[in-house]
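Novice: What follows is the file work05.cif, containing mmCIF, C-alpha atoms and all ligand atoms:
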data_structure
#
loop_
_atom_site.label_atom_id
_atom_site.label_comp_id
_atom_site.auth_asym_id
_atom_site.auth_seq_id
_atom_site.Cartn_x
_atom_site.Cartn_y
_atom_site.Cartn_z
CA MET A 942 89.25 73.40 81.89
CA THR A 943 88.73 70.33 84.05
CA TYR A 944 90.72 67.23 83.12
CA ILE A 945 89.39 63.99 84.58
CA LEU A 946 91.13 60.62 84.42
CA GLY A 947 88.49 57.86 84.22
CA ILE A 948 89.35 54.25 85.08
CA GLU A 949 87.03 51.31 84.33
CA THR A 950 87.66 47.67 85.34
CA SER A 951 84.20 46.37 86.27
CA CYS A 952 84.11 43.42 83.89
CA ASP A 953 86.36 42.36 81.04
CA GLU A 954 87.85 45.58 79.68
CA THR A 955 90.74 47.38 81.35
CA ALA A 956 90.09 50.95 80.31
CA ALA A 957 91.34 54.46 81.08
CA ALA A 958 90.66 57.82 79.47
CA VAL A 959 91.17 61.53 79.92
CA VAL A 960 88.09 63.70 79.34
CA ILE A 961 87.99 67.50 79.36
CA ASP A 962 84.93 69.21 80.87
CA GLY A 963 82.85 66.04 80.67
CA THR A 964 82.58 66.15 76.89
CA THR A 965 85.85 66.21 75.00
CA ILE A 966 87.81 62.97 74.84
CA ALA A 967 91.55 63.65 75.06
CA SER A 968 92.39 59.93 75.14
CA ASN A 969 90.50 56.65 75.44
CA ILE A 970 92.52 53.44 75.90
CA ILE A 971 90.87 50.00 76.14
CA ALA A 972 92.66 46.68 76.70
CA SER A 973 90.02 44.10 75.83
CA GLN A 974 90.01 40.61 77.31
CA ILE A 975 87.66 39.18 74.67
CA ASP A 976 90.22 36.67 73.37
CA LEU A 977 90.97 35.49 76.92
CA HIS A 978 87.31 34.83 77.75
CA ALA A 979 86.35 33.43 74.34
CA GLN A 980 87.88 30.09 75.33
CA TYR A 981 85.44 29.85 78.27
CA GLY A 982 82.46 31.06 76.23
CA GLY A 983 81.85 33.86 78.77
CA VAL A 984 83.64 36.06 81.28
CA PHE A 985 85.74 34.00 83.76
CA PRO A 986 85.99 36.27 86.84
CA GLU A 987 89.33 35.08 88.24
CA ALA A 988 91.02 35.37 84.84
CA ALA A 989 89.48 38.83 84.41
CA SER A 990 90.95 40.12 87.70
CA ARG A 991 94.41 38.81 86.84
CA ALA A 992 94.30 40.37 83.39
CA HIS A 993 93.28 43.72 84.92
CA VAL A 994 96.26 43.55 87.30
CA GLU A 995 98.59 43.00 84.35
CA ALA A 996 97.12 45.75 82.19
CA ILE A 997 96.08 48.57 84.53
CA GLY A 998 99.41 50.38 84.88
CA LEU A 999 100.11 50.31 81.15
CA VAL A 1000 96.59 51.40 80.24
CA VAL A 1001 96.55 54.37 82.64
CA ASN A 1002 100.03 55.49 81.53
CA GLU A 1003 98.98 55.24 77.91
CA ALA A 1004 95.83 57.30 78.58
CA ILE A 1005 97.90 60.12 80.12
CA ARG A 1006 100.51 59.98 77.35
CA ASP A 1007 97.94 59.86 74.58
CA ALA A 1008 96.19 62.91 76.04
CA GLY A 1009 99.47 64.77 75.56
CA ILE A 1010 99.54 66.06 79.13
CA ASP A 1011 101.55 65.60 82.27
CA PHE A 1012 99.80 63.74 85.11
CA SER A 1013 100.01 66.93 87.19
CA ARG A 1014 97.41 68.50 84.80
CA ILE A 1015 94.73 66.01 85.91
CA ASN A 1016 92.16 67.67 88.20
CA ALA A 1017 90.40 64.54 89.49
CA ILE A 1018 90.54 60.75 89.31
CA ALA A 1019 87.33 58.80 88.66
CA VAL A 1020 86.94 55.05 88.97
CA THR A 1021 84.09 52.58 88.52
CA ARG A 1022 82.91 51.55 91.98
CA GLY A 1023 80.20 49.12 90.88
CA PRO A 1024 78.15 47.27 89.82
CA GLY A 1025 80.45 44.56 88.52
CA LEU A 1026 82.75 41.67 89.42
CA VAL A 1027 84.23 42.46 92.82
CA GLY A 1028 87.73 41.18 92.00
CA SER A 1029 87.81 43.24 88.82
CA LEU A 1030 86.40 46.39 90.46
CA LEU A 1031 89.02 46.24 93.23
CA VAL A 1032 91.90 46.36 90.76
CA GLY A 1033 90.73 49.70 89.35
CA ILE A 1034 89.65 51.09 92.73
CA ASN A 1035 92.94 50.31 94.45
CA TYR A 1036 94.97 51.66 91.55
CA ALA A 1037 92.92 54.87 91.58
CA LYS A 1038 93.29 55.18 95.35
CA GLY A 1039 97.06 54.83 95.03
CA LEU A 1040 97.16 57.59 92.43
CA ALA A 1041 94.90 59.84 94.52
CA LEU A 1042 96.87 59.29 97.70
CA ALA A 1043 100.22 59.93 96.03
CA SER A 1044 99.04 63.02 94.17
CA GLY A 1045 96.50 64.51 96.58
CA LYS A 1046 93.95 64.77 93.74
CA PRO A 1047 90.24 64.24 94.47
CA LEU A 1048 88.81 60.76 93.92
CA LEU A 1049 85.29 59.96 92.67
CA GLY A 1050 83.64 56.53 92.69
CA ILE A 1051 81.27 56.17 89.75
CA ASN A 1052 78.30 53.91 89.14
CA HIS A 1053 79.05 51.97 85.93
CA LEU A 1054 75.44 52.41 84.80
CA GLU A 1055 75.70 56.17 85.21
CA GLY A 1056 78.89 55.95 83.16
CA HIS A 1057 76.96 54.34 80.30
CA VAL A 1058 74.37 57.13 80.50
CA TYR A 1059 77.12 59.75 80.18
CA SER A 1060 78.57 58.10 77.10
CA LEU A 1061 75.74 60.14 75.48
CA TRP A 1062 77.38 63.39 76.51
CA LEU A 1063 80.70 62.54 74.94
CA THR A 1064 79.97 63.57 71.40
CA GLN A 1065 79.45 66.99 69.91
CA PRO A 1066 75.82 66.86 68.71
CA TYR A 1067 74.50 65.36 71.93
CA ARG A 1068 75.92 67.87 74.38
CA GLU A 1069 72.73 69.88 74.64
CA VAL A 1070 70.19 67.44 75.99
CA ARG A 1071 66.95 68.91 77.30
CA PHE A 1072 65.45 67.06 80.27
CA PRO A 1073 63.44 65.00 81.01
CA VAL A 1074 64.72 62.11 78.91
CA VAL A 1075 64.03 58.40 78.99
CA VAL A 1076 67.15 56.22 78.94
CA LEU A 1077 67.17 52.57 77.86
CA LEU A 1078 70.36 51.09 79.22
CA VAL A 1079 71.02 47.69 77.71
CA SER A 1080 74.29 45.88 78.36
CA GLY A 1081 75.71 42.45 79.16
CA GLY A 1082 74.82 42.81 82.83
CA HIS A 1083 71.88 45.23 82.85
CA THR A 1084 68.60 46.20 81.24
CA GLU A 1085 67.25 49.36 82.84
CA LEU A 1086 64.60 51.86 81.81
CA LEU A 1087 65.29 55.21 83.51
CA LEU A 1088 63.61 58.58 83.66
CA MET A 1089 66.32 61.23 83.93
CA ARG A 1090 65.00 64.64 85.01
CA ASP A 1091 68.39 66.33 85.36
CA HIS A 1092 72.06 65.49 85.70
CA GLY A 1093 72.32 62.95 88.50
CA ASP A 1094 68.53 62.62 88.86
CA TYR A 1095 67.35 59.10 87.99
CA GLU A 1096 64.00 57.41 88.49
CA ARG A 1097 64.08 53.72 87.70
CA LEU A 1098 60.93 52.92 85.72
CA GLY A 1099 61.70 49.24 85.27
CA GLY A 1100 64.22 46.68 84.22
CA THR A 1101 64.76 43.02 83.53
CA LEU A 1102 63.31 40.46 85.90
CA ASP A 1103 65.82 37.80 84.85
CA ASP A 1104 68.55 37.89 82.18
CA ALA A 1105 69.98 41.15 80.87
CA ALA A 1106 69.41 41.81 77.17
CA GLY A 1107 73.10 41.41 76.31
CA GLU A 1108 73.28 38.26 78.41
CA ALA A 1109 70.41 36.79 76.35
CA PHE A 1110 72.24 37.67 73.12
CA ASP A 1111 75.42 36.07 74.48
CA LYS A 1112 73.65 32.89 75.66
CA VAL A 1113 71.76 32.47 72.40
CA GLY A 1114 74.98 33.11 70.48
CA ARG A 1115 76.61 30.28 72.42
CA MET A 1116 73.66 27.97 71.67
CA LEU A 1117 73.99 28.73 67.98
CA GLY A 1118 77.73 28.04 68.00
CA LEU A 1119 78.60 31.67 67.28
CA PRO A 1120 81.82 33.18 68.70
CA PHE A 1121 81.84 35.17 71.99
CA PRO A 1122 80.44 37.73 72.54
CA GLY A 1123 77.15 36.68 70.99
CA GLY A 1124 75.62 40.15 70.57
CA PRO A 1125 77.50 41.47 67.55
CA ASN A 1126 77.67 37.98 65.99
CA ILE A 1127 73.91 37.48 66.29
CA GLU A 1128 73.41 40.88 64.68
CA GLN A 1129 75.63 39.81 61.77
CA ALA A 1130 73.88 36.43 61.37
CA ALA A 1131 70.46 38.11 61.61
CA MET A 1132 71.27 40.34 58.64
CA HIS A 1133 71.20 37.21 56.46
CA GLY A 1134 68.17 35.60 58.11
CA ASN A 1135 64.39 35.79 58.00
CA SER A 1136 63.02 37.33 61.20
CA ALA A 1137 59.56 35.88 60.52
CA ALA A 1138 60.84 32.29 60.30
CA TYR A 1139 60.17 31.59 63.99
CA ASN A 1140 57.54 33.16 66.19
CA PHE A 1141 59.50 33.43 69.43
CA PRO A 1142 57.66 34.77 72.52
CA ARG A 1143 57.56 38.50 73.25
CA ALA A 1144 57.63 38.31 77.04
CA LEU A 1145 55.95 40.75 79.45
CA ARG A 1146 53.86 42.69 76.97
CA ASP A 1147 52.10 44.24 79.97
CA ASP A 1148 51.59 47.66 81.55
CA SER A 1149 54.84 47.53 83.50
CA TYR A 1150 58.20 48.77 82.32
CA ASN A 1151 59.86 45.45 83.14
CA PHE A 1152 61.44 42.98 80.76
CA SER A 1153 62.09 39.25 80.72
CA PHE A 1154 64.41 37.34 78.42
CA SER A 1155 64.80 33.90 80.00
CA GLY A 1156 61.66 32.42 78.39
CA LEU A 1157 62.80 33.65 75.00
CA LYS A 1158 66.19 32.08 75.56
CA THR A 1159 64.55 28.74 76.46
CA ALA A 1160 62.31 28.91 73.38
CA VAL A 1161 65.37 29.38 71.18
CA MET A 1162 67.08 26.47 72.89
CA ARG A 1163 64.10 24.19 72.18
CA GLU A 1164 64.30 25.03 68.50
CA ALA A 1165 68.03 25.09 68.02
CA VAL A 1166 69.78 22.65 70.29
CA VAL A 1167 69.77 18.88 69.80
CA SER A 1168 69.64 17.03 73.12
CA SER A 1169 68.55 17.62 76.70
CA SER A 1170 71.95 16.76 78.14
CA ILE A 1171 73.41 19.45 75.92
CA ARG A 1172 70.70 21.85 77.03
CA ARG A 1173 72.09 21.77 80.55
CA GLY A 1174 75.70 22.17 79.47
CA GLU A 1175 77.38 25.44 78.69
CA LYS A 1176 79.92 24.08 76.26
CA GLY A 1177 79.83 21.71 73.34
CA MET A 1178 76.23 22.44 72.39
CA GLN A 1179 75.16 20.80 69.24
CA VAL A 1180 73.08 22.92 66.91
CA ARG A 1181 70.43 20.99 64.96
CA SER A 1182 71.54 20.47 61.40
CA ASP A 1183 68.09 21.13 59.91
CA ILE A 1184 67.75 24.71 61.13
CA SER A 1185 69.06 27.96 59.74
CA VAL A 1186 71.23 29.73 62.30
CA ASN A 1187 70.62 33.00 60.46
CA ASP A 1188 66.82 32.60 60.66
CA ILE A 1189 66.96 31.73 64.38
CA ALA A 1190 69.27 34.71 65.03
CA ALA A 1191 66.98 37.08 63.11
CA SER A 1192 63.79 35.79 64.80
CA PHE A 1193 65.40 35.91 68.27
CA GLN A 1194 66.72 39.43 67.70
CA LEU A 1195 63.31 40.67 66.58
CA ALA A 1196 61.58 39.15 69.62
CA ALA A 1197 64.20 40.64 71.99
CA ILE A 1198 64.14 44.14 70.58
CA SER A 1199 60.37 44.44 69.97
CA VAL A 1200 59.44 44.63 73.65
CA LEU A 1201 62.43 46.88 74.41
CA ALA A 1202 61.35 49.31 71.71
CA GLU A 1203 57.65 49.22 72.60
CA LYS A 1204 58.12 49.88 76.30
CA THR A 1205 60.80 52.53 75.81
CA ALA A 1206 58.55 54.47 73.43
CA ARG A 1207 55.58 54.17 75.81
CA ALA A 1208 57.66 55.34 78.80
CA ALA A 1209 58.90 58.36 76.86
CA ASN A 1210 55.37 59.25 75.87
CA GLU A 1211 53.91 58.81 79.35
CA HIS A 1212 56.62 60.94 80.99
CA ASN A 1213 56.67 63.69 78.35
CA ALA A 1214 60.31 63.03 77.54
CA THR A 1215 61.99 65.31 75.02
CA GLU A 1216 64.25 62.53 73.77
CA ILE A 1217 65.05 58.85 74.06
CA LEU A 1218 68.63 57.95 74.91
CA LEU A 1219 70.08 54.48 74.31
CA ALA A 1220 73.23 53.32 76.05
CA GLY A 1221 75.21 50.16 76.86
CA GLY A 1222 76.77 47.46 74.70
CA VAL A 1223 73.46 46.32 73.14
CA SER A 1224 72.75 49.89 71.98
CA ALA A 1225 75.33 49.18 69.26
CA ASN A 1226 72.68 46.96 67.66
CA GLN A 1227 71.38 48.65 64.50
CA ALA A 1228 68.11 46.70 64.50
CA LEU A 1229 67.36 47.93 68.05
CA ARG A 1230 68.16 51.51 67.06
CA LEU A 1231 65.84 51.25 64.07
CA ALA A 1232 63.03 49.60 66.07
CA ILE A 1233 63.10 52.41 68.63
CA ARG A 1234 63.15 55.10 65.95
CA GLN A 1235 60.13 53.42 64.37
CA SER A 1236 58.27 53.13 67.69
CA SER A 1237 58.57 56.80 68.67
CA GLU A 1238 58.44 60.17 67.00
CA LEU A 1239 60.89 61.62 69.51
CA PRO A 1240 64.55 62.09 68.65
CA VAL A 1241 66.53 58.97 69.54
CA ARG A 1242 70.16 59.38 70.54
CA TYR A 1243 72.80 56.71 70.91
CA PRO A 1244 76.54 56.78 71.54
CA PRO A 1245 78.99 56.22 68.68
CA LEU A 1246 79.74 52.50 68.33
CA ASN A 1247 83.10 52.64 70.14
CA LEU A 1248 81.47 54.22 73.22
CA CYS A 1249 78.55 51.77 73.51
CA THR A 1250 80.66 49.12 75.21
CA ASP A 1251 82.72 49.64 78.36
CA ASN A 1252 85.28 52.45 78.35
CA GLY A 1253 86.98 54.89 80.72
CA ALA A 1254 85.75 58.05 78.97
CA MET A 1255 82.16 57.48 80.09
CA ILE A 1256 83.37 57.13 83.70
CA ALA A 1257 85.27 60.42 83.48
CA ALA A 1258 82.23 62.13 81.90
CA ALA A 1259 79.91 60.95 84.67
CA ALA A 1260 82.45 62.15 87.24
CA PHE A 1261 82.44 65.65 85.75
CA TYR A 1262 78.71 66.07 86.43
CA ARG A 1263 79.09 64.54 89.90
CA MET A 1264 81.78 67.11 90.63
CA GLN A 1265 79.46 69.85 89.38
CA ASN A 1266 77.01 68.62 92.03
CA GLY A 1267 79.75 69.14 94.63
CA LEU A 1268 80.42 65.44 95.20
CA LYS A 1269 83.68 63.60 95.80
CA ASP A 1270 84.54 60.47 97.72
CA ASP A 1271 86.66 59.74 100.73
CA LEU A 1272 89.89 58.01 99.81
CA PHE A 1273 89.88 55.68 102.80
CA THR A 1274 86.23 54.59 102.80
CA LEU A 1275 85.62 54.26 99.05
CA ASP A 1276 84.88 50.59 98.44
CA ALA A 1277 83.56 48.35 95.66
CA ILE A 1278 79.76 48.02 95.40
CA PRO A 1279 79.22 44.84 93.34
CA MET A 1280 75.39 45.31 93.28
CA TRP A 1281 74.51 48.98 92.82
CA PRO A 1282 71.24 49.93 91.14
CA LEU A 1283 70.99 53.43 89.65
CA ASN A 1284 68.22 55.58 91.12
CA ASN A 1285 67.84 58.62 93.34
CA GLU A 1286 68.03 56.64 96.59
CA THR A 1287 71.29 54.95 95.65
CA TYR A 1288 72.95 57.88 93.87
CA MET A 1289 75.34 58.59 96.75
CA GLY A 1290 76.54 55.00 96.95
O1 LIG A 1301 78.18 47.57 78.10
P1 LIG A 1301 78.98 46.36 77.84
O2 LIG A 1301 80.32 46.52 77.15
O3 LIG A 1301 79.29 45.59 79.15
C1 LIG A 1301 78.47 45.53 80.26
O4 LIG A 1301 78.45 46.51 81.04
O5 LIG A 1301 77.77 44.50 80.38
O6 LIG A 1301 78.03 45.39 77.01
C2 LIG A 1301 78.46 44.16 76.52
C3 LIG A 1301 77.26 43.44 75.94
C4 LIG A 1301 77.52 42.01 75.56
O7 LIG A 1301 76.46 41.20 76.08
C5 LIG A 1301 77.48 42.05 74.03
O8 LIG A 1301 77.07 40.83 73.45
C6 LIG A 1301 76.49 43.15 73.78
O9 LIG A 1301 76.81 44.12 74.76
N1 LIG A 1301 76.60 43.71 72.43
C7 LIG A 1301 75.64 43.62 71.50
C8 LIG A 1301 76.15 44.23 70.32
N2 LIG A 1301 77.40 44.68 70.60
C9 LIG A 1301 77.67 44.35 71.90
N3 LIG A 1301 74.40 43.07 71.54
C10 LIG A 1301 73.65 43.12 70.43
N4 LIG A 1301 74.07 43.67 69.26
C11 LIG A 1301 75.30 44.22 69.17
N5 LIG A 1301 75.71 44.77 68.02
ZN ZN A 1302 78.97 48.20 80.71
#
Let's see the structure in the file written out as structure tokens.
Specialist:
Amino acid sequence: MTYILGIETSCDETAAAVVIDGTTIASNIIASQIDLHAQYGGVFPEAASRAHVEAIGLVVNEAIRDAGIDFSRINAIAVTRGPGLVGSLLVGINYAKGLALASGKPLLGINHLEGHVYSLWLTQPYREVRFPVVVLLVSGGHTELLLMRDHGDYERLGGTLDDAAGEAFDKVGRMLGLPFPGGPNIEQAAMHGNSAAYNFPRALRDDSYNFSFSGLKTAVMREAVVSSSIRRGEKGMQVRSDISVNDIAASFQLAAISVLAEKTARAANEHNATEILLAGGVSANQALRLAIRQSSELPVRYPPLNLCTDNGAMIAAAAFYRMQNGLKDDLFTLDAIPMWPLNNETYMG
């Protein structure tokens, strides 16, 4: 059995996990910085790096202990190499390099987006996935539509031209005075609202597989926020008193997920996919899951809720398949890649 330690510090979670053979989670420890960043209404990069420095040793130790093994049992160390905040990435990378150097174990640098994809392989029923599949990867930093023909074989069909889907949820959440992060709070508010109350724009309903969320965000702002000076500001926005936050949240959510669902279903159909896979923080959204199930007759798979957002287990799982492809990285040249799209040309880093 292959035991891989996965370390993830690309954004605002310090996470480490031990995964056996790319599928079985032996431990999965996450130190979240949500409370730290809530005061800024978004992720504050410098504070994130410092918090990673404080937490990384404890989190990795806890992951090994919780797995009930000795560190010597670990076969390889995997770490997120990008995309992400460079100061945050470097904390995980340098810690992983230290461990690899001291122990002589192989080191693998993992694309965070590929990690999200492999969160789908971490649960029993989803182990047997028949290719090709279409993957909709929707997170705070990314919105990507991928055609996956095999392990490690990615064709990028399209993606967002401006804001990521999760970013739009977070920005609209802030406009509506909801706590950070906006995504889950908008979903909650939307459950009590009328999604037909506002007809927000469905952007880029075209032949491409691209998405756009900035116009939708501006449309919500026009409806919900009081004054133009507040429109420019990030903090202290004043929500109009004569609107229903729940109705705005529900109408925004419907507009955001409709185009995602439509284009994902069309891509799966056009490329003869056997299944649709959803991954990333926004894939926790039940309305999105439902919309995609309703748009396609294909099976739709998503990770369990605790594996939708950032974690170390998905990094270890991705590393397992990279190892199967005979890949590992050089300890001395492995560096952070803050901008790293996922496709066949960039697979090697
Ligand atoms: O994948 P993730 O943990 O981090 C990135 O790699 O970006 O995703 C975090 C994003 C945030 O924007 C958050 O608001 C969003 O996922 N999110 C949701 C939900 N849960 C988390 N968005 C919509 N509905 C949710 N239930
Ligand atoms: Zn992520």
Novice: Using all atoms listed in the file, which protein or nucleic acid residues are at most 12 Å from ligand ZN 1302 (chain A), as a ChimeraX atom specification?
Specialist: /A:949-956,1021,1023-1026,1052-1060,1078-1085,1105,1107-1108,1220-1224,1248-1253,1255-1256
Novice: Could you check which of A:Ala1137, A:Ala1106, A:Met1280, A:Met1264 is closest to ligand LIG 1301 (chain A), using only C-alpha atoms and all ligand atoms?
Specialist: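 Of A:Ala1137, A:Ala1106, A:Met1280, A:Met1264, the one nearest ligand LIG 1301 (chain A) is A:Ala1106, counting only C-alpha atoms and all ligand atoms.
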Novice: Would you list the residues near (62.2, 47.6, 79.8), meaning any protein, DNA or RNA residue with an atom at most 10 Å from that point in file coordinates, counting only C-alpha atoms, as number ranges by chain?
Specialist: A: 1076-1079, 1084-1087, 1098-1102, 1106, 1145, 1149-1153, 1200-1205, 1208
Novice: Produce a file of the selected residues containing C-alpha atoms, as a PDB file, in the coordinates of the input.
Specialist:
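Result written to part_14.pdb:
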ATOM      1  CA  VAL A1076      67.150  56.220  78.940  1.00  0.00           C
ATOM      2  CA  LEU A1077      67.170  52.570  77.860  1.00  0.00           C
ATOM      3  CA  LEU A1078      70.360  51.090  79.220  1.00  0.00           C
ATOM      4  CA  VAL A1079      71.020  47.690  77.710  1.00  0.00           C
ATOM      5  CA  THR A1084      68.600  46.200  81.240  1.00  0.00           C
ATOM      6  CA  GLU A1085      67.250  49.360  82.840  1.00  0.00           C
ATOM      7  CA  LEU A1086      64.600  51.860  81.810  1.00  0.00           C
ATOM      8  CA  LEU A1087      65.290  55.210  83.510  1.00  0.00           C
ATOM      9  CA  LEU A1098      60.930  52.920  85.720  1.00  0.00           C
ATOM     10  CA  GLY A1099      61.700  49.240  85.270  1.00  0.00           C
ATOM     11  CA  GLY A1100      64.220  46.680  84.220  1.00  0.00           C
ATOM     12  CA  THR A1101      64.760  43.020  83.530  1.00  0.00           C
ATOM     13  CA  LEU A1102      63.310  40.460  85.900  1.00  0.00           C
ATOM     14  CA  ALA A1106      69.410  41.810  77.170  1.00  0.00           C
ATOM     15  CA  LEU A1145      55.950  40.750  79.450  1.00  0.00           C
ATOM     16  CA  SER A1149      54.840  47.530  83.500  1.00  0.00           C
ATOM     17  CA  TYR A1150      58.200  48.770  82.320  1.00  0.00           C
ATOM     18  CA  ASN A1151      59.860  45.450  83.140  1.00  0.00           C
ATOM     19  CA  PHE A1152      61.440  42.980  80.760  1.00  0.00           C
ATOM     20  CA  SER A1153      62.090  39.250  80.720  1.00  0.00           C
ATOM     21  CA  VAL A1200      59.440  44.630  73.650  1.00  0.00           C
ATOM     22  CA  LEU A1201      62.430  46.880  74.410  1.00  0.00           C
ATOM     23  CA  ALA A1202      61.350  49.310  71.710  1.00  0.00           C
ATOM     24  CA  GLU A1203      57.650  49.220  72.600  1.00  0.00           C
ATOM     25  CA  LYS A1204      58.120  49.880  76.300  1.00  0.00           C
ATOM     26  CA  THR A1205      60.800  52.530  75.810  1.00  0.00           C
ATOM     27  CA  ALA A1208      57.660  55.340  78.800  1.00  0.00           C
TER      28      ALA A1208
END
Novice: Within 8 Å of Ile1034 in chain A, counting all atoms listed in the file, which residues show up once you throw out same-chain ones fewer than 2 positions away? Write them as a list in words, please.
Specialist: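 Result of the neighbour search: Val1020, Thr1021, Arg1022, Leu1030, Leu1031, Val1032, Tyr1036, Ala1037, Lys1038, Asp1276 and Ala1277 of chain A.
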Novice: Using all atoms of ligand LIG 1301 (chain A) listed in the file and a margin of 5 Å per side, can you give the axis-aligned box centre and edge lengths in Å to one decimal, as lines of an AutoDock Vina configuration file?
Specialist:
center_x = 77.0
center_y = 44.2
center_z = 74.5
size_x = 16.7
size_y = 16.7
size_z = 23.0
Novice: Could you check the closest approach to ligand LIG 1301 (chain A) for each of A:Asn1285, A:Asn1016, A:Thr943, A:Gln1227 and tell me which residue wins, using only C-alpha atoms and all ligand atoms?
Specialist: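 Answer, going by the shortest atom-to-atom distance: A:Gln1227.
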Novice: Could you pull the residues within 9 Å of range 1191-1197 of chain A, counting only C-alpha atoms, minus those fewer than 2 positions along the same chain, as a PyMOL selection string?
Specialist: chain A and resi 1106+1109-1110+1113+1127-1128+1130-1144+1154+1157-1158+1161+1186-1189+1199-1201+1228-1229+1232
Novice: Counting all atoms listed in the file, which residue out of A:Asn1247, A:Ser1013, A:Thr1064, A:Gln1235 sits closest to ligand LIG 1301 (chain A)?
Specialist: A:Asn1247
Novice: Mind pulling up the distance from atom N2 of ligand LIG 1301 (chain A) to CA of Gln980 in chain A?
Specialist: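 Atom-to-atom, CA of Gln980 in chain A and atom N2 of ligand LIG 1301 (chain A) are spaced 18.6 Å apart.
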Novice: Rounded to one decimal, what separation in Å do you get between CA of Asp1104 in chain A and CA of Ser1155 in chain A?
Specialist: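 Separation of CA of Asp1104 in chain A and CA of Ser1155 in chain A: 5.9 Å.
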Novice: At what distance in Å, to one decimal, does CA of Ala1258 in chain A lie from CA of Arg1071 in chain A?
Specialist: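 It comes out at 17.3 Å.
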Novice: Here is a test: counting all atoms listed in the file, which residue of A:Ala1004, A:Val994, A:Leu977, A:Ile1051 is nearest to Leu1283 in chain A?
Specialist: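 When distances to Leu1283 in chain A are compared using all atoms listed in the file, the smallest one comes from A:Ile1051.
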Novice: For a quick check of understanding, using all atoms listed in the file, which of A:Ile1015, A:Ile997, A:Gln1129, A:Trp1062 has the smallest distance to Thr965 in chain A?
Specialist: A:Trp1062
Novice: In terms of the shortest atom-to-atom distance over only C-alpha atoms and all ligand atoms, which of A:Asp1147, A:Asp976, A:Asp1111, A:Asp1183 is closest to ligand LIG 1301 (chain A)?
Specialist: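 Using only C-alpha atoms and all ligand atoms, the shortest distance to ligand LIG 1301 (chain A) belongs to A:Asp1111.
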Novice: Using all atoms listed in the file, which protein or nucleic acid residues come within 8 Å of Phe1261 in chain A? Drop anything in the same chain fewer than 2 positions from it, and give the result as an NGL selection string.
Specialist: :A and (945 or 962-963 or 1257-1259 or 1263-1265)
Novice: Please fill the gaps in range 1089-1101 of chain A so it has N, CA and C atoms, and write that as a CSV table (one decimal), in the frame of the given file.
Specialist:
chain,number,residue,atom,x,y,z
A,1089,MET,N,65.3,60.3,83.4
A,1089,MET,CA,66.3,61.2,83.9
A,1089,MET,C,65.8,62.6,83.8
A,1090,ARG,N,65.6,63.3,85.0
A,1090,ARG,CA,65.0,64.6,85.0
A,1090,ARG,C,66.1,65.7,85.0
A,1091,ASP,N,67.3,65.4,85.3
A,1091,ASP,CA,68.4,66.3,85.4
A,1091,ASP,C,69.7,65.5,85.5
A,1092,HIS,N,70.8,66.2,85.5
A,1092,HIS,CA,72.1,65.5,85.7
A,1092,HIS,C,72.0,64.9,87.1
A,1093,GLY,N,72.3,63.6,87.2
A,1093,GLY,CA,72.3,63.0,88.5
A,1093,GLY,C,71.0,62.7,89.1
A,1094,ASP,N,69.9,62.8,88.3
A,1094,ASP,CA,68.5,62.6,88.9
A,1094,ASP,C,67.9,61.5,88.1
A,1095,TYR,N,67.8,60.3,88.7
A,1095,TYR,CA,67.4,59.1,88.0
A,1095,TYR,C,66.2,58.5,88.7
A,1096,GLU,N,65.1,58.2,88.0
A,1096,GLU,CA,64.0,57.4,88.5
A,1096,GLU,C,64.0,56.1,87.7
A,1097,ARG,N,64.1,55.0,88.4
A,1097,ARG,CA,64.1,53.7,87.7
A,1097,ARG,C,62.6,53.3,87.4
A,1098,LEU,N,62.3,53.3,86.1
A,1098,LEU,CA,60.9,52.9,85.7
A,1098,LEU,C,60.7,51.4,85.7
A,1099,GLY,N,61.8,50.7,85.3
A,1099,GLY,CA,61.7,49.2,85.3
A,1099,GLY,C,63.0,48.7,84.8
A,1100,GLY,N,63.0,47.3,84.7
A,1100,GLY,CA,64.2,46.7,84.2
A,1100,GLY,C,63.9,45.2,84.1
A,1101,THR,N,65.0,44.4,83.8
A,1101,THR,CA,64.8,43.0,83.5
A,1101,THR,C,64.5,42.3,84.8
